[in-house]
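> The structure under discussion is supplied below as structure tokens; questions concerning it will follow.
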Amino acid sequence: MRRPIVAGNWKMHGSRAENARLVEELLAQAPAAPAADCVVCPPLVYLQEVGRQLRGSIYILGAQDVCADTQGAFTGEVSAAMLKDIGCEYVIVGHSERRLLYRESDQLVARKFSAAHSKGLVPILCVGEQLADREAGRTNEIVARQLDVVLELCGAGTLERGVIAYEPVWAIGTGRNATPDQAQEVHAFIRGRIAARDAKIAAATRILYGGSVKAGNAAELFNRPDVDGGLIGGASLKADEFLTILAAARPG
Ligand code: PGA
């Protein structure tokens with residue numbers, strides 16, 4: 001039985017005042033015993049403050065990105081050890097916005113996954129195809145390539161403390177989610193690909209769906225056998241919406 005995860009990616013939104021309001025609502029409406037782990041990923045500059053506000057609650061702190069290198073002369077970067085030091089437990093790596101807007105390669109993403117894992121963080125590895133890839137029937141090929149680079153560098157064993165998020169790029173922030181069938185198909189493909197290396201690890205790996213998850217579609221997506229929760233963008237900025245999504249996640 002895999003315990004699902006619902007993770008909120010706040011992206012570059014918010015301010016101290018807005019975060020305080022959102023945190024207050026999240027705390028006030030928090031379920032006593034959620035059926036899923038609930039991760040919140042604020043912008044880097046607010047991590048410590050939000051982490052302090054959420055301490056002792058059901059919410060687990062996550063970051064949106066991490067440096068692939070350990071320490072040293074890397075101006076503007078933040079290491080996995082630093083994130084761990086301020087109380088982060090999770091970190092998103094390889095989000096499509098970073099891959100596409102900041103040209104992060106599969107190799108760099110794999111190094112970030114490795115850096116996060118080696119410092120005790122749980123990396124959430126995002127993979128997913130663009131619309132043209134899907135239309136050309138190349139979804140599995142793209143996802144396999146993104147996944148394999150990580151499995152080659154880090155080994156399937158690292159997924160014992162690692163999460164995959166399947167996020168079709170065409171579904172992110174567009175209001176057009178993948179259908180539950182489309183999500184299930186790719187999730188099953190991902191699990192099969194991991195199973196080819198280690199069946200036990202594959203059975204235990206949590207694979208999240210991301211891309212226009214909302215209160216209204218979360219349950220039908222999360223009900224599919226290989227969908228173990230979600231990575232939520234826009235809807236994670238509204239407490240009631242995010243908590244409705246959290247409530248839709250059930251161990252399967
Ligand atoms: P969205 O973003 O829920 O706003 O589509 C998902 C994500 O980018 O993780």
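Letters A, B, ... go to the chains of the structure tokens in the order shown; residues in each chain start at 1; ligands are counted from 1 in the same order.
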Find the residues near ligand 1. Use a cut-off of 8 Å, count only C-alpha atoms and all ligand atoms, and write them as a PyMOL selection string.

chain A and resi 8-9+11+95-97+167+171-175+177+210-214+231-236

> Tell me, as a ChimeraX atom specification, which residues lie within 9 Å of Gly87 in chain A, counting only C-alpha atoms; anything in the same chain fewer than 2 positions away does not count.

/A:47-48,51-52,61-62,82-85,89

> How far is it from CA of Leu101 in chain A to CA of Cys38 in chain A, in Å with one decimal?

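It comes out at 27.3 Å.
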
> Might you pull out every residue within 8 Å of Gly128 in chain A, with only C-alpha atoms counted and same-chain residues fewer than 5 positions away left off, and present them as a PDB file with N, CA, C and O atoms, in the first residue's frame?


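The result, written out as result16.pdb:
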ATOM      1  N   SER A  96       9.060  21.178 -15.417  1.00  0.00           N
ATOM      2  CA  SER A  96       9.157  21.530 -16.845  1.00  0.00           C
ATOM      3  C   SER A  96       9.459  23.010 -17.043  1.00  0.00           C
ATOM      4  O   SER A  96      10.085  23.394 -18.033  1.00  0.00           O
ATOM      5  N   THR A 139       5.201  10.213 -26.324  1.00  0.00           N
ATOM      6  CA  THR A 139       5.110  10.431 -24.879  1.00  0.00           C
ATOM      7  C   THR A 139       6.011   9.469 -24.100  1.00  0.00           C
ATOM      8  O   THR A 139       6.840   9.900 -23.277  1.00  0.00           O
ATOM      9  N   ILE A 142       9.809  10.141 -24.490  1.00  0.00           N
ATOM     10  CA  ILE A 142      10.301  11.320 -23.765  1.00  0.00           C
ATOM     11  C   ILE A 142      10.400  11.024 -22.261  1.00  0.00           C
ATOM     12  O   ILE A 142      11.408  11.288 -21.608  1.00  0.00           O
ATOM     13  N   VAL A 143       9.324  10.453 -21.733  1.00  0.00           N
ATOM     14  CA  VAL A 143       9.285  10.163 -20.293  1.00  0.00           C
ATOM     15  C   VAL A 143      10.367   9.137 -19.940  1.00  0.00           C
ATOM     16  O   VAL A 143      11.069   9.276 -18.930  1.00  0.00           O
ATOM     17  N   TYR A 166       4.508  12.788 -12.793  1.00  0.00           N
ATOM     18  CA  TYR A 166       4.250  12.875 -14.232  1.00  0.00           C
ATOM     19  C   TYR A 166       3.437  14.133 -14.489  1.00  0.00           C
ATOM     20  O   TYR A 166       2.307  14.255 -13.991  1.00  0.00           O
ATOM     21  N   GLU A 167       4.040  15.052 -15.229  1.00  0.00           N
ATOM     22  CA  GLU A 167       3.369  16.320 -15.520  1.00  0.00           C
ATOM     23  C   GLU A 167       3.434  16.614 -17.015  1.00  0.00           C
ATOM     24  O   GLU A 167       4.440  17.154 -17.497  1.00  0.00           O
ATOM     25  N   PRO A 168       2.390  16.260 -17.740  1.00  0.00           N
ATOM     26  CA  PRO A 168       2.386  16.617 -19.162  1.00  0.00           C
ATOM     27  C   PRO A 168       2.425  18.133 -19.292  1.00  0.00           C
ATOM     28  O   PRO A 168       1.613  18.835 -18.676  1.00  0.00           O
ATOM     29  N   VAL A 169       3.377  18.635 -20.065  1.00  0.00           N
ATOM     30  CA  VAL A 169       3.597  20.085 -20.126  1.00  0.00           C
ATOM     31  C   VAL A 169       2.342  20.813 -20.610  1.00  0.00           C
ATOM     32  O   VAL A 169       2.018  21.900 -20.134  1.00  0.00           O
TER      33      VAL A 169
END

> From the set A:Arg103, A:Ser57, A:Gly155, A:Thr244, which residue has the shortest atom-to-atom contact distance to Ala28 in chain A, counting only C-alpha atoms?

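Using only C-alpha atoms, the shortest distance to Ala28 in chain A belongs to A:Ser57.
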
> With a distance cut-off of 8 Å and only C-alpha atoms, select the neighbouring residues of Ser79 in chain A, excluding the residue or stretch itself and same-chain residues fewer than 5 positions from it, and output the selection as JSON, numbers by chain.

{"A": [66, 67, 68, 69, 70, 71]}

> So that I can check the secondary structure, give me every residue of range 28-180 of chain A assigned strand (DSSP E or B) by backbone DSSP, as a list in words.

Asp37, Cys38, Val39, Val40, Cys41, Tyr59, Ile60, Leu61, Gly62, Ala63, Tyr90, Val91, Ile92, Val93, Val122, Pro123, Ile124, Leu125, Cys126, Val127, Val163, Ile164, Ala165 and Tyr166 of chain A

> Could you tell me, as JSON, numbers by chain, which residues of range 60-214 of chain A DSSP assigns to alpha helix (DSSP H) when given the backbone?

{"A": [80, 81, 82, 83, 84, 85, 96, 97, 98, 99, 100, 101, 106, 107, 108, 109, 110, 111, 112, 113, 114, 115, 116, 117, 118, 131, 132, 133, 134, 135, 139, 140, 141, 142, 143, 144, 145, 146, 147, 148, 149, 150, 151, 152, 153, 154, 180, 181, 182, 183, 184, 185, 186, 187, 188, 189, 190, 191, 192, 193, 194, 195, 199, 200, 201, 202, 203, 204]}

> Do you know which residues are at most 9 Å from Val23 in chain A counting only C-alpha atoms, after dropping those on the same chain fewer than 4 positions away, and could you put them as JSON, numbers by chain?

{"A": [18, 19, 27, 28, 50, 53, 54, 239]}

> With distances taken over only C-alpha atoms, which of A:Val91, A:Ala80, A:Val45, A:Leu243 is nearest to Leu26 in chain A?

A:Leu243

> Determine the nearest neighbour of Ile5 in chain A from the options A:Gln64, A:Asn217, A:Asn140, A:Thr205, counting only C-alpha atoms.

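Nearest to Ile5 in chain A: A:Thr205.
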
> Give me, please, the distance in Å between CA of Leu221 in chain A and CA of Ala178 in chain A, quoted to one decimal.

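Going from CA of Leu221 in chain A over to CA of Ala178 in chain A, I get 8.7 Å.
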
> Have a look at A:Arg98, A:Trp170, A:Ile194, A:Ala156 and name the one nearest to Glu135 in chain A; count only C-alpha atoms.

A:Trp170
